[in-house]
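Have a look at structure.txt; it's compact mmCIF, C-alpha atoms:
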```
# COMPACT_ATOMS: atom_id res chain seq x y z
CA MET L 27 -11.82 -46.11 -47.16
CA ILE L 28 -8.13 -45.90 -48.07
CA ARG L 29 -8.92 -42.78 -50.08
CA TRP L 30 -10.42 -41.06 -47.04
CA LEU L 31 -7.44 -42.02 -44.89
CA LEU L 32 -5.16 -40.43 -47.48
CA TRP L 33 -7.25 -37.27 -47.49
CA LEU L 34 -7.07 -37.29 -43.67
CA LEU L 35 -3.30 -37.74 -43.73
CA GLY L 36 -3.00 -34.90 -46.23
CA GLY L 37 -5.14 -32.73 -43.97
CA LEU L 38 -2.98 -33.49 -40.94
CA LEU L 39 0.23 -32.64 -42.83
CA LEU L 40 -1.32 -29.42 -44.03
CA GLY L 41 -2.45 -28.77 -40.46
CA GLY L 42 1.15 -29.02 -39.30
CA ILE L 43 2.09 -26.32 -41.80
CA VAL L 44 -0.86 -24.19 -40.66
CA HIS L 45 0.31 -24.62 -37.06
CA LEU L 46 3.90 -23.54 -37.77
CA ALA L 47 2.77 -20.64 -39.94
CA THR L 48 0.35 -19.30 -37.31
CA VAL L 49 2.96 -19.55 -34.54
CA LEU L 50 5.51 -17.65 -36.61
CA LEU L 51 3.08 -15.03 -37.91
CA LEU L 52 1.19 -14.40 -34.68
CA PRO L 53 3.68 -11.92 -33.14
CA ARG L 54 3.28 -9.69 -36.22
CA THR L 55 -0.48 -9.65 -36.12
CA ALA L 56 -1.01 -9.41 -32.36
CA THR L 57 -3.24 -6.51 -31.35
CA GLN L 58 -2.99 -7.01 -27.60
CA ASP L 59 0.77 -7.16 -27.13
CA ALA L 60 2.45 -5.01 -24.50
CA TYR L 61 3.63 -2.30 -26.91
CA THR L 62 0.17 -1.86 -28.42
CA ARG L 63 -1.47 -1.75 -24.98
CA LEU L 64 0.97 0.88 -23.73
CA SER L 65 0.82 2.97 -26.93
CA ALA L 66 -2.63 4.13 -25.90
CA THR L 67 -1.39 5.87 -22.76
CA ALA L 68 2.41 6.07 -22.70
CA PRO L 69 3.93 9.03 -24.59
CA ALA L 70 6.89 8.28 -26.86
CA ASN L 71 10.39 8.95 -25.50
CA ASN L 72 9.11 9.95 -22.10
CA ILE L 73 8.85 8.12 -18.82
CA MET L 74 5.46 7.37 -17.31
CA PRO L 75 4.67 5.59 -14.03
CA LEU L 76 2.29 2.64 -14.41
CA PRO L 77 -0.56 2.23 -11.91
CA ALA L 78 -0.06 -0.60 -9.42
CA PRO L 79 -1.78 -3.79 -10.63
CA THR L 80 -5.08 -4.63 -8.92
CA PRO L 81 -7.41 -7.61 -9.49
CA ASP L 82 -9.76 -5.41 -11.55
CA ASP L 83 -7.22 -3.51 -13.53
CA ALA L 84 -3.68 -4.18 -14.65
CA VAL L 85 -1.98 -2.69 -17.69
CA LEU L 86 -0.13 -5.95 -18.35
CA PRO L 87 -0.73 -9.50 -17.12
CA PHE L 88 1.58 -11.11 -14.55
CA MET L 89 2.91 -7.83 -13.14
CA ASP L 90 4.68 -8.21 -9.79
CA PRO L 91 2.65 -6.21 -7.22
CA ALA L 92 5.75 -5.83 -5.00
CA PHE L 93 7.28 -3.45 -7.56
CA ALA L 94 6.62 0.12 -8.60
CA THR L 95 6.94 0.29 -12.39
CA ALA L 96 7.50 3.07 -14.89
CA VAL L 97 7.60 2.65 -18.65
CA CYS L 98 9.42 4.54 -21.38
CA ARG L 99 8.01 3.76 -24.82
CA TYR L 100 10.79 4.67 -27.20
CA ASP L 101 11.10 5.51 -30.86
CA LEU L 102 14.69 5.90 -31.98
CA ALA L 103 13.79 7.55 -35.31
CA ALA L 104 14.57 10.98 -33.82
CA GLY L 105 17.97 9.86 -32.53
CA PRO L 106 19.51 7.92 -29.63
CA LEU L 107 17.84 7.88 -26.24
CA LYS L 108 19.34 8.75 -22.87
CA LEU L 109 18.14 6.96 -19.77
CA ARG L 110 19.00 8.05 -16.25
CA VAL L 111 17.68 6.11 -13.28
CA PRO L 112 18.76 6.89 -9.70
CA VAL L 113 18.65 3.58 -7.80
CA SER L 114 16.27 3.12 -4.87
CA GLN L 115 17.26 1.77 -1.47
CA ALA L 116 16.02 -1.77 -2.01
CA TYR L 117 16.40 -2.94 -5.59
CA THR L 118 16.11 -1.26 -8.97
CA SER L 119 16.15 -2.84 -12.40
CA VAL L 120 15.91 -1.59 -15.96
CA SER L 121 14.65 -4.00 -18.65
CA PHE L 122 14.62 -3.38 -22.40
CA TYR L 123 12.00 -4.94 -24.65
CA ALA L 124 11.94 -4.97 -28.45
CA ARG L 125 8.74 -4.06 -30.31
CA SER L 126 7.50 -7.66 -30.07
CA GLY L 127 8.11 -7.96 -26.32
CA ILE L 128 11.47 -9.76 -26.45
CA ALA L 129 13.56 -8.91 -23.37
CA TYR L 130 16.88 -8.25 -25.09
CA TYR L 131 18.68 -6.57 -22.19
CA ALA L 132 18.20 -6.08 -18.46
CA ILE L 133 20.42 -4.65 -15.77
CA ASN L 134 19.99 -4.16 -12.04
CA ASP L 135 21.47 -1.65 -9.60
CA ARG L 136 24.25 -3.97 -8.45
CA ALA L 137 25.37 -4.85 -11.98
CA ALA L 138 25.39 -1.13 -12.81
CA GLY L 139 27.62 -0.64 -9.75
CA ARG L 140 26.75 2.98 -8.99
CA ARG L 141 24.01 5.13 -7.52
CA ILE L 142 22.66 6.14 -10.91
CA ILE L 143 22.07 3.77 -13.81
CA GLU L 144 22.96 5.74 -16.97
CA LEU L 145 22.46 4.22 -20.39
CA ASP L 146 22.43 5.30 -24.01
CA LEU L 147 20.02 3.40 -26.22
CA MET L 148 20.48 3.42 -29.98
CA THR L 149 20.00 1.40 -33.13
CA PRO L 150 23.02 -0.49 -34.55
CA GLU L 151 23.19 2.17 -37.34
CA GLN L 152 23.35 5.04 -34.86
CA ARG L 153 26.02 3.14 -32.92
CA ALA L 154 28.08 2.79 -36.06
CA GLU L 155 28.04 6.57 -36.55
CA ILE L 156 29.72 7.24 -33.21
CA PRO L 157 33.42 7.90 -33.81
CA ASP L 158 35.66 5.22 -32.30
CA ASP L 159 37.95 7.77 -30.68
CA ASP L 160 35.18 9.22 -28.57
CA GLU L 161 36.72 8.18 -25.27
CA ILE L 162 34.11 9.81 -23.08
CA THR L 163 31.38 7.69 -24.57
CA ALA L 164 33.35 4.51 -24.21
CA ALA L 165 34.45 5.08 -20.63
CA ASP L 166 31.51 6.64 -18.86
CA ARG L 167 28.40 5.47 -20.54
CA LEU L 168 26.88 2.11 -21.12
CA ILE L 169 25.58 1.78 -24.68
CA VAL L 170 22.71 -0.57 -25.43
CA GLU L 171 21.73 -1.48 -28.98
CA SER L 172 18.05 -1.94 -29.70
CA PRO L 173 17.24 -4.63 -32.29
CA THR L 174 14.09 -2.70 -33.33
CA PRO L 175 13.65 1.09 -33.80
CA THR L 176 10.75 1.08 -31.31
CA GLY L 177 10.30 -0.74 -28.02
CA LEU L 178 9.74 -0.46 -24.31
CA ILE L 179 11.93 0.19 -21.28
CA LEU L 180 10.61 -0.89 -17.91
CA VAL L 181 12.11 0.73 -14.82
CA ARG L 182 11.17 -1.14 -11.68
CA THR L 183 11.84 -0.44 -8.02
CA PHE L 184 11.19 -2.96 -5.28
CA GLY L 185 8.94 -2.31 -2.30
CA PRO L 186 10.00 -4.98 0.22
CA GLU L 187 6.73 -4.53 2.14
CA PRO L 188 3.47 -2.67 1.43
CA GLY L 189 4.51 0.21 3.73
CA LEU L 190 7.58 0.83 1.60
CA MET L 191 5.73 1.02 -1.73
CA PRO L 192 5.34 4.84 -1.57
CA MET L 193 9.12 5.05 -1.20
CA ALA L 194 9.59 2.80 -4.23
CA ARG L 195 7.19 4.95 -6.25
CA ARG L 196 8.96 8.14 -5.18
CA ALA L 197 12.28 6.72 -6.34
CA LEU L 198 10.82 6.38 -9.85
CA VAL L 199 9.91 10.06 -10.09
CA ALA L 200 13.58 10.99 -10.54
CA ALA L 201 14.04 8.63 -13.49
CA GLN L 202 14.54 10.35 -16.85
CA CYS L 203 14.17 9.07 -20.38
CA GLY L 204 14.42 11.20 -23.50
CA THR L 205 16.17 11.92 -26.76
CA GLN L 206 19.58 13.54 -26.63
CA GLY L 207 20.36 17.16 -27.19
CA MET Y 27 -17.24 -33.96 -57.09
CA ARG Y 28 -15.54 -36.58 -55.03
CA LEU Y 29 -12.24 -34.76 -55.44
CA LEU Y 30 -13.81 -31.53 -54.25
CA ILE Y 31 -15.28 -33.15 -51.16
CA GLY Y 32 -11.91 -34.72 -50.49
CA PHE Y 33 -10.16 -31.37 -50.70
CA LEU Y 34 -12.73 -29.70 -48.48
CA PHE Y 35 -12.37 -32.51 -45.96
CA SER Y 36 -8.59 -32.16 -46.00
CA PHE Y 37 -8.72 -28.40 -45.55
CA ALA Y 38 -11.18 -28.71 -42.70
CA VAL Y 39 -8.89 -31.22 -40.99
CA ALA Y 40 -5.89 -28.95 -41.63
CA ALA Y 41 -7.58 -25.88 -40.20
CA ALA Y 42 -8.94 -27.66 -37.13
CA PHE Y 43 -5.73 -29.56 -36.41
CA GLY Y 44 -3.33 -26.69 -37.15
CA LEU Y 45 -5.19 -23.96 -35.29
CA GLY Y 46 -6.07 -26.33 -32.45
CA LEU Y 47 -2.41 -27.25 -32.04
CA THR Y 48 -1.42 -23.57 -32.01
CA GLN Y 49 -4.07 -22.74 -29.44
CA PHE Y 50 -3.00 -25.70 -27.30
CA ALA Y 51 0.71 -24.87 -27.49
CA LEU Y 52 0.20 -21.21 -26.62
CA THR Y 53 -2.12 -21.74 -23.69
CA ARG Y 54 -0.45 -24.78 -22.15
CA GLY Y 55 3.16 -23.68 -22.55
CA THR Y 56 5.89 -25.66 -24.21
CA ALA Y 57 8.84 -27.65 -22.96
CA PHE Y 58 11.53 -25.75 -24.88
CA GLY Y 59 14.29 -24.71 -22.48
CA ALA Y 60 12.10 -25.30 -19.44
CA ILE Y 61 13.60 -26.02 -16.03
CA THR Y 62 11.27 -28.07 -13.87
CA ILE Y 63 12.09 -28.50 -10.19
CA GLY Y 64 9.36 -30.16 -8.15
CA ALA Y 65 6.12 -28.34 -8.88
CA TRP Y 66 7.94 -25.32 -10.32
CA THR Y 67 8.76 -24.56 -13.95
CA ALA Y 68 10.78 -21.66 -15.33
CA TRP Y 69 11.67 -20.65 -18.88
CA PRO Y 70 14.82 -18.56 -18.37
CA LYS Y 71 15.43 -18.26 -22.13
CA THR Y 72 12.14 -16.40 -22.46
CA GLY Y 73 13.89 -13.46 -20.78
CA THR Y 74 16.62 -13.31 -23.44
CA SER Y 75 16.97 -12.73 -27.19
CA ASP Y 76 17.14 -16.55 -27.53
CA ILE Y 77 13.41 -16.83 -26.85
CA ASP Y 78 11.77 -19.66 -28.82
CA PRO Y 79 9.01 -18.98 -31.41
CA TYR Y 80 6.30 -20.48 -29.20
CA ALA Y 81 7.12 -18.24 -26.25
CA ARG Y 82 7.32 -15.26 -28.63
CA ALA Y 83 3.83 -16.00 -29.92
CA ALA Y 84 2.55 -16.56 -26.39
CA ILE Y 85 3.79 -13.20 -25.07
CA ALA Y 86 2.52 -11.38 -28.17
CA ARG Y 87 -0.89 -12.89 -27.51
CA SER Y 88 -1.03 -12.30 -23.75
CA GLY Y 89 0.70 -8.91 -23.66
CA GLU Y 90 3.01 -10.10 -20.92
CA LEU Y 91 6.53 -8.66 -20.63
CA PRO Y 92 8.70 -11.56 -19.45
CA ILE Y 93 11.24 -10.83 -16.73
CA GLY Y 94 14.65 -10.10 -18.31
CA SER Y 95 17.45 -12.51 -17.47
CA GLY Y 96 19.59 -9.65 -16.13
CA ASP Y 97 16.81 -8.87 -13.69
CA GLY Y 98 15.68 -12.27 -12.43
CA VAL Y 99 13.83 -15.46 -13.20
CA ALA Y 100 10.20 -16.50 -12.64
CA PHE Y 101 9.08 -19.99 -11.59
CA PHE Y 102 5.44 -20.97 -12.16
CA ALA Y 103 3.48 -23.67 -10.29
CA SER Y 104 -0.07 -24.63 -11.19
CA SER Y 105 -0.06 -28.03 -9.49
CA ASP Y 106 1.44 -29.47 -6.30
CA ASP Y 107 4.47 -31.79 -6.00
CA THR Y 108 2.31 -34.84 -6.73
CA GLY Y 109 0.95 -33.26 -9.93
CA ARG Y 110 -2.51 -32.47 -8.57
CA VAL Y 111 -3.91 -29.19 -9.92
CA LEU Y 112 -3.99 -26.40 -7.31
CA ASP Y 113 -7.54 -25.73 -6.14
CA GLY Y 114 -8.36 -22.43 -4.45
CA ARG Y 115 -11.06 -24.07 -2.36
CA CYS Y 116 -8.41 -26.23 -0.64
CA ILE Y 117 -5.46 -25.51 1.62
CA VAL Y 118 -2.04 -25.72 0.01
CA THR Y 119 1.27 -25.27 1.83
CA ILE Y 120 4.40 -23.86 0.20
CA ALA Y 121 7.26 -24.64 2.55
CA GLY Y 122 11.02 -24.82 2.68
CA THR Y 123 13.74 -22.60 1.28
CA THR Y 124 14.35 -20.71 -1.94
CA PRO Y 125 17.44 -20.61 -4.18
CA ALA Y 126 20.07 -17.92 -3.61
CA ALA Y 127 18.74 -14.51 -4.62
CA ARG Y 128 18.96 -10.97 -3.30
CA PHE Y 129 15.18 -10.77 -3.09
CA TRP Y 130 12.28 -12.98 -4.01
CA THR Y 131 8.53 -12.51 -4.26
CA ILE Y 132 5.75 -15.07 -4.35
CA THR Y 133 2.44 -14.06 -5.95
CA LEU Y 134 -0.91 -15.67 -6.75
CA TYR Y 135 -2.59 -15.07 -10.12
CA ASP Y 136 -5.59 -16.45 -11.95
CA LEU Y 137 -4.83 -18.30 -15.18
CA ASP Y 138 -4.98 -15.05 -17.20
CA GLY Y 139 -2.34 -13.36 -15.05
CA ARG Y 140 -4.67 -11.18 -13.00
CA LEU Y 141 -4.26 -10.76 -9.26
CA ILE Y 142 -6.86 -12.59 -7.19
CA PRO Y 143 -9.35 -10.34 -5.39
CA ASN Y 144 -9.59 -10.80 -1.61
CA ALA Y 145 -10.76 -8.79 1.37
CA ALA Y 146 -7.25 -8.61 2.85
CA ASP Y 147 -5.74 -7.05 -0.33
CA ARG Y 148 -2.93 -9.57 0.04
CA TYR Y 149 -1.61 -10.78 -3.32
CA GLY Y 150 1.74 -12.21 -2.31
CA PHE Y 151 4.75 -12.09 -0.04
CA THR Y 152 8.27 -10.77 -0.46
CA SER Y 153 11.39 -12.30 1.06
CA GLN Y 154 11.57 -9.34 3.45
CA GLU Y 155 8.11 -9.53 4.98
CA ILE Y 156 7.62 -13.28 5.33
CA ALA Y 157 7.63 -14.80 8.83
CA ARG Y 158 10.30 -17.49 9.10
CA ARG Y 159 11.08 -20.31 11.51
CA ALA Y 160 14.24 -20.24 13.62
CA ASP Y 161 16.16 -22.22 10.96
CA GLY Y 162 15.31 -19.71 8.22
CA THR Y 163 12.74 -21.85 6.44
CA PHE Y 164 9.21 -20.61 5.92
CA GLU Y 165 5.72 -21.96 5.39
CA ILE Y 166 3.03 -20.19 3.38
CA LEU Y 167 -0.59 -21.31 3.69
CA VAL Y 168 -2.55 -20.73 0.51
CA ALA Y 169 -6.17 -21.03 1.61
CA PRO Y 170 -9.63 -19.56 0.96
CA ARG Y 171 -10.17 -18.56 4.61
CA ALA Y 172 -7.88 -16.72 7.03
CA ARG Y 173 -5.09 -18.80 8.60
CA PRO Y 174 -2.54 -17.90 11.24
CA GLY Y 175 0.98 -17.31 9.92
CA ASN Y 176 1.81 -16.53 6.30
CA TRP Y 177 -1.65 -16.68 4.78
CA LEU Y 178 -2.17 -16.12 1.06
CA PRO Y 179 -5.89 -15.82 0.26
CA THR Y 180 -7.24 -17.60 -2.83
CA GLY Y 181 -10.64 -15.88 -2.72
CA GLY Y 182 -12.15 -19.32 -3.32
CA ILE Y 183 -11.17 -19.28 -7.03
CA ASP Y 184 -11.05 -22.82 -8.45
CA ARG Y 185 -7.75 -22.64 -10.36
CA TYR Y 186 -4.75 -20.41 -9.85
CA VAL Y 187 -1.03 -20.23 -10.49
CA VAL Y 188 1.72 -19.40 -8.00
CA VAL Y 189 4.69 -17.40 -9.33
CA LEU Y 190 7.99 -17.34 -7.43
CA ARG Y 191 10.28 -14.64 -8.80
CA LEU Y 192 13.95 -14.55 -7.88
CA TYR Y 193 15.70 -11.21 -8.34
CA ASP Y 194 19.46 -10.81 -8.79
CA THR Y 195 20.06 -14.54 -8.73
CA PRO Y 196 22.59 -17.00 -10.17
CA VAL Y 197 19.65 -19.25 -11.14
CA GLY Y 198 19.11 -19.10 -14.89
CA VAL Y 199 19.79 -20.82 -18.18
CA ALA Y 200 22.58 -22.95 -16.67
CA THR Y 201 20.42 -24.26 -13.81
CA ARG Y 202 19.42 -27.90 -14.15
CA THR Y 203 18.50 -29.60 -10.88
CA ALA Y 204 17.19 -29.00 -7.38
CA LYS Y 205 20.80 -29.05 -6.14
CA ASP Y 206 21.44 -25.75 -7.95
CA ALA Y 207 18.10 -24.35 -6.95
CA PRO Y 208 16.34 -25.78 -3.88
CA MET Y 209 12.68 -24.88 -4.40
CA PRO Y 210 9.99 -24.88 -1.70
CA ALA Y 211 7.71 -27.92 -1.53
CA VAL Y 212 4.11 -27.46 -2.69
CA ALA Y 213 1.68 -29.80 -0.92
CA ALA Y 214 -2.08 -30.08 -0.63
CA ALA Y 215 -3.23 -30.05 3.00
CA GLY Y 216 -6.89 -30.87 2.65
CA CYS Y 217 -9.98 -29.07 1.51
CA ALA Y 218 -11.94 -26.74 3.73
```
Could you spell out this file's structure in structure tokens?
Amino acid sequence: MIRWLLWLLGGLLLGGIVHLATVLLLPRTATQDAYTRLSATAPANNIMPLPAPTPDDAVLPFMDPAFATAVCRYDLAAGPLKLRVPVSQAYTSVSFYARSGIAYYAINDRAAGRRIIELDLMTPEQRAEIPDDDEITAADRLIVESPTPTGLILVRTFGPEPGLMPMARRALVAAQCGTQG
Amino acid sequence: MRLLIGFLFSFAVAAAFGLGLTQFALTRGTAFGAITIGAWTAWPKTGTSDIDPYARAAIARSGELPIGSGDGVAFFASSDDTGRVLDGRCIVTIAGTTPAARFWTITLYDLDGRLIPNAADRYGFTSQEIARRADGTFEILVAPRARPGNWLPTGGIDRYVVVLRLYDTPVGVATRTAKDAPMPAVAAAGCA
């Protein structure tokens, strides 16, 4: 009897290790994460509007139906990325996600403080290559460092009521996302 | 032989317990960094680089992109203020005020994060379109059949989750109590 209890205890301890290992390894093996889902349709380093979520079909779970959304799937291997988003009348936000879906940076129109949100996205290595005396870069442009070479940028504009959703979607058309040069 | 059976027994227990615990933690959500106010729970750290390993695994599994902390914060409610699970066949009221925010939206989802089908194509309300009382408070009726006022249809689904998203808000990681963030009351008002 004691022997079986010891085996059980050993199994439970091992189970704890299994639990921690699966939790830590799962993000690396996930096949249904946001980046993988969007890779099928979204071109790299280009902006693409996402269809409005409906009960039958939504690209991602828990999307807010009051927003028009566009995605830029980025790959910084070819160089830094430039993002230019004219703000809409109601509310505009830009959120940056690492490869695994971690929201490492987000900014809204008010925090940006101007009519156009302009950002440069680069890896820490590419940032280090920018000369320190480049005053134009420092003064005029907001630089965001991506923790992973690939990831997602979500540009979202708010439609305060259903009748204003076309306006929100139109505001997204002017958004640009692409490699420099 | 006995040793072998013992090992097999141990491994079976380990697999069942370990994987079961993972499954449970990822589907039920964890308490790390959670803010609970009344029926509402938010995980503001999930929208930052400080996200905990459980939330990381959960978003990798679901494919959700959590709302970034520079954008806003999302509060989830799957039961009412007394802890009773929300039932789409019953009437539930969401009433009161919301914390300071430039805009907010309130949306109904099924447990997998899909919008709930209904004939009115009404999935939620925004702070701009909701009908308010003279004192600025509001009342939303979440019900299977049409109701006068701010009606959110449940489509008769048995379980659902209400998500209140605050955009451009001071509510976040530093928020602790209802005094910082007065959330609307969630109450069951009888079954149809």
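Take CA of Ala132 in chain L and CA of Gly177 in chain L: the distance between them is 13.5 Å.
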*asked:* (16.9, -11.8, -25.6) in this file's frame - what residues fall within 8 Å of it? Use only C-alpha atoms and give the answer as a PyMOL selection string.
replied: (chain L and resi 128-131) or (chain Y and resi 71-77+94)
Contact check, chain Y to chain L, at most 8 Å, counting all atoms listed in the file, closest pairs as a tab-separated table:
```
residue	atom	partner	partner_atom	distance
Y:Gly32	CA	L:Trp33	CA	6.1
Y:Phe33	CA	L:Trp33	CA	7.3
Y:Phe35	CA	L:Trp33	CA	7.2
Y:Ser36	CA	L:Gly37	CA	4.0
Y:Phe37	CA	L:Gly37	CA	5.8
Y:Ala38	CA	L:Gly37	CA	7.4
Y:Val39	CA	L:Gly37	CA	5.0
Y:Ala40	CA	L:Gly41	CA	3.6
Y:Ala41	CA	L:Gly41	CA	5.9
Y:Ala42	CA	L:Gly41	CA	7.4
Y:Phe43	CA	L:Gly41	CA	5.3
Y:Gly44	CA	L:Gly41	CA	4.0
Y:Leu45	CA	L:His45	CA	5.8
Y:Leu47	CA	L:His45	CA	6.3
Y:Thr48	CA	L:His45	CA	5.4
Y:Thr72	CA	L:Ala129	CA	7.7
Y:Gly73	CA	L:Ala129	CA	5.2
Y:Thr74	CA	L:Tyr130	CA	5.3
Y:Ser75	CA	L:Tyr130	CA	4.9
Y:Ile77	CA	L:Ile128	CA	7.3
Y:Pro79	CA	L:Leu50	CA	6.4
Y:Tyr80	CA	L:Val49	CA	6.4
Y:Arg82	CA	L:Pro53	CA	6.7
Y:Ala83	CA	L:Pro53	CA	5.2
Y:Ile85	CA	L:Gly127	CA	6.9
Y:Ala86	CA	L:Asp59	CA	4.7
Y:Arg87	CA	L:Ala56	CA	6.0
Y:Ser88	CA	L:Asp59	CA	6.4
Y:Gly89	CA	L:Asp59	CA	3.9
Y:Glu90	CA	L:Pro87	CA	5.4
Y:Leu91	CA	L:Gly127	CA	5.9
Y:Pro92	CA	L:Ala129	CA	6.8
Y:Ile93	CA	L:Ala129	CA	7.3
Y:Gly94	CA	L:Ala129	CA	5.3
Y:Ser95	CA	L:Ala132	CA	6.5
Y:Gly96	CA	L:Ala132	CA	4.5
Y:Asp97	CA	L:Ala132	CA	5.7
Y:Thr131	CA	L:Ala92	CA	7.3
Y:Thr133	CA	L:Asp90	CA	7.3
Y:Tyr135	CA	L:Phe88	CA	7.3
Y:Asp138	CA	L:Pro87	CA	7.0
Y:Gly139	CA	L:Phe88	CA	4.5
Y:Arg140	CA	L:Pro81	CA	5.7
Y:Leu141	CA	L:Pro81	CA	4.5
Y:Ile142	CA	L:Pro81	CA	5.5
Y:Pro143	CA	L:Pro81	CA	5.3
Y:Tyr149	CA	L:Pro91	CA	7.4
Y:Gly150	CA	L:Pro91	CA	7.8
Y:Thr152	CA	L:Pro186	CA	6.1
Y:Ser153	CA	L:Pro186	CA	7.5
Y:Gln154	CA	L:Pro186	CA	5.6
Y:Glu155	CA	L:Glu187	CA	5.9
Y:Asp194	CA	L:Asn134	CA	7.4
```
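Using all atoms listed in the file, the nearest neighbour of Met193 in chain L within the list L:Val170, L:Lys108, L:Val181, L:Ser114 is L:Ser114.
For the atom pair formed by CA of Arg167 in chain L and CA of Gly198 in chain Y, the distance is 26.9 Å, given to one decimal.
Here CA of Ala126 in chain Y stands at a distance of 13.8 Å from CA of Thr203 in chain Y.
With distances taken from (19.2, 10.8, -29.6) and restricted to all atoms listed in the file, the residues inside 9 Å are L:Leu102, L:Ala103, L:Ala104, L:Gly105, L:Pro106, L:Leu107, L:Lys108, L:Asp146, L:Leu147, L:Met148, L:Gln152, L:Gly204, L:Thr205, L:Gln206, L:Gly207.
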Using all atoms of range 41-53 of chain L that appear in the file, construct an axis-aligned enclosing box with 4 Å of padding on every side and provide its centre coordinates and edge lengths in Å, rounded to one decimal, as AutoDock Vina command-line options.
```
--center_x 1.5 --center_y -20.5 --center_z -37.5 --size_x 16.0 --size_y 25.1 --size_z 16.7
```
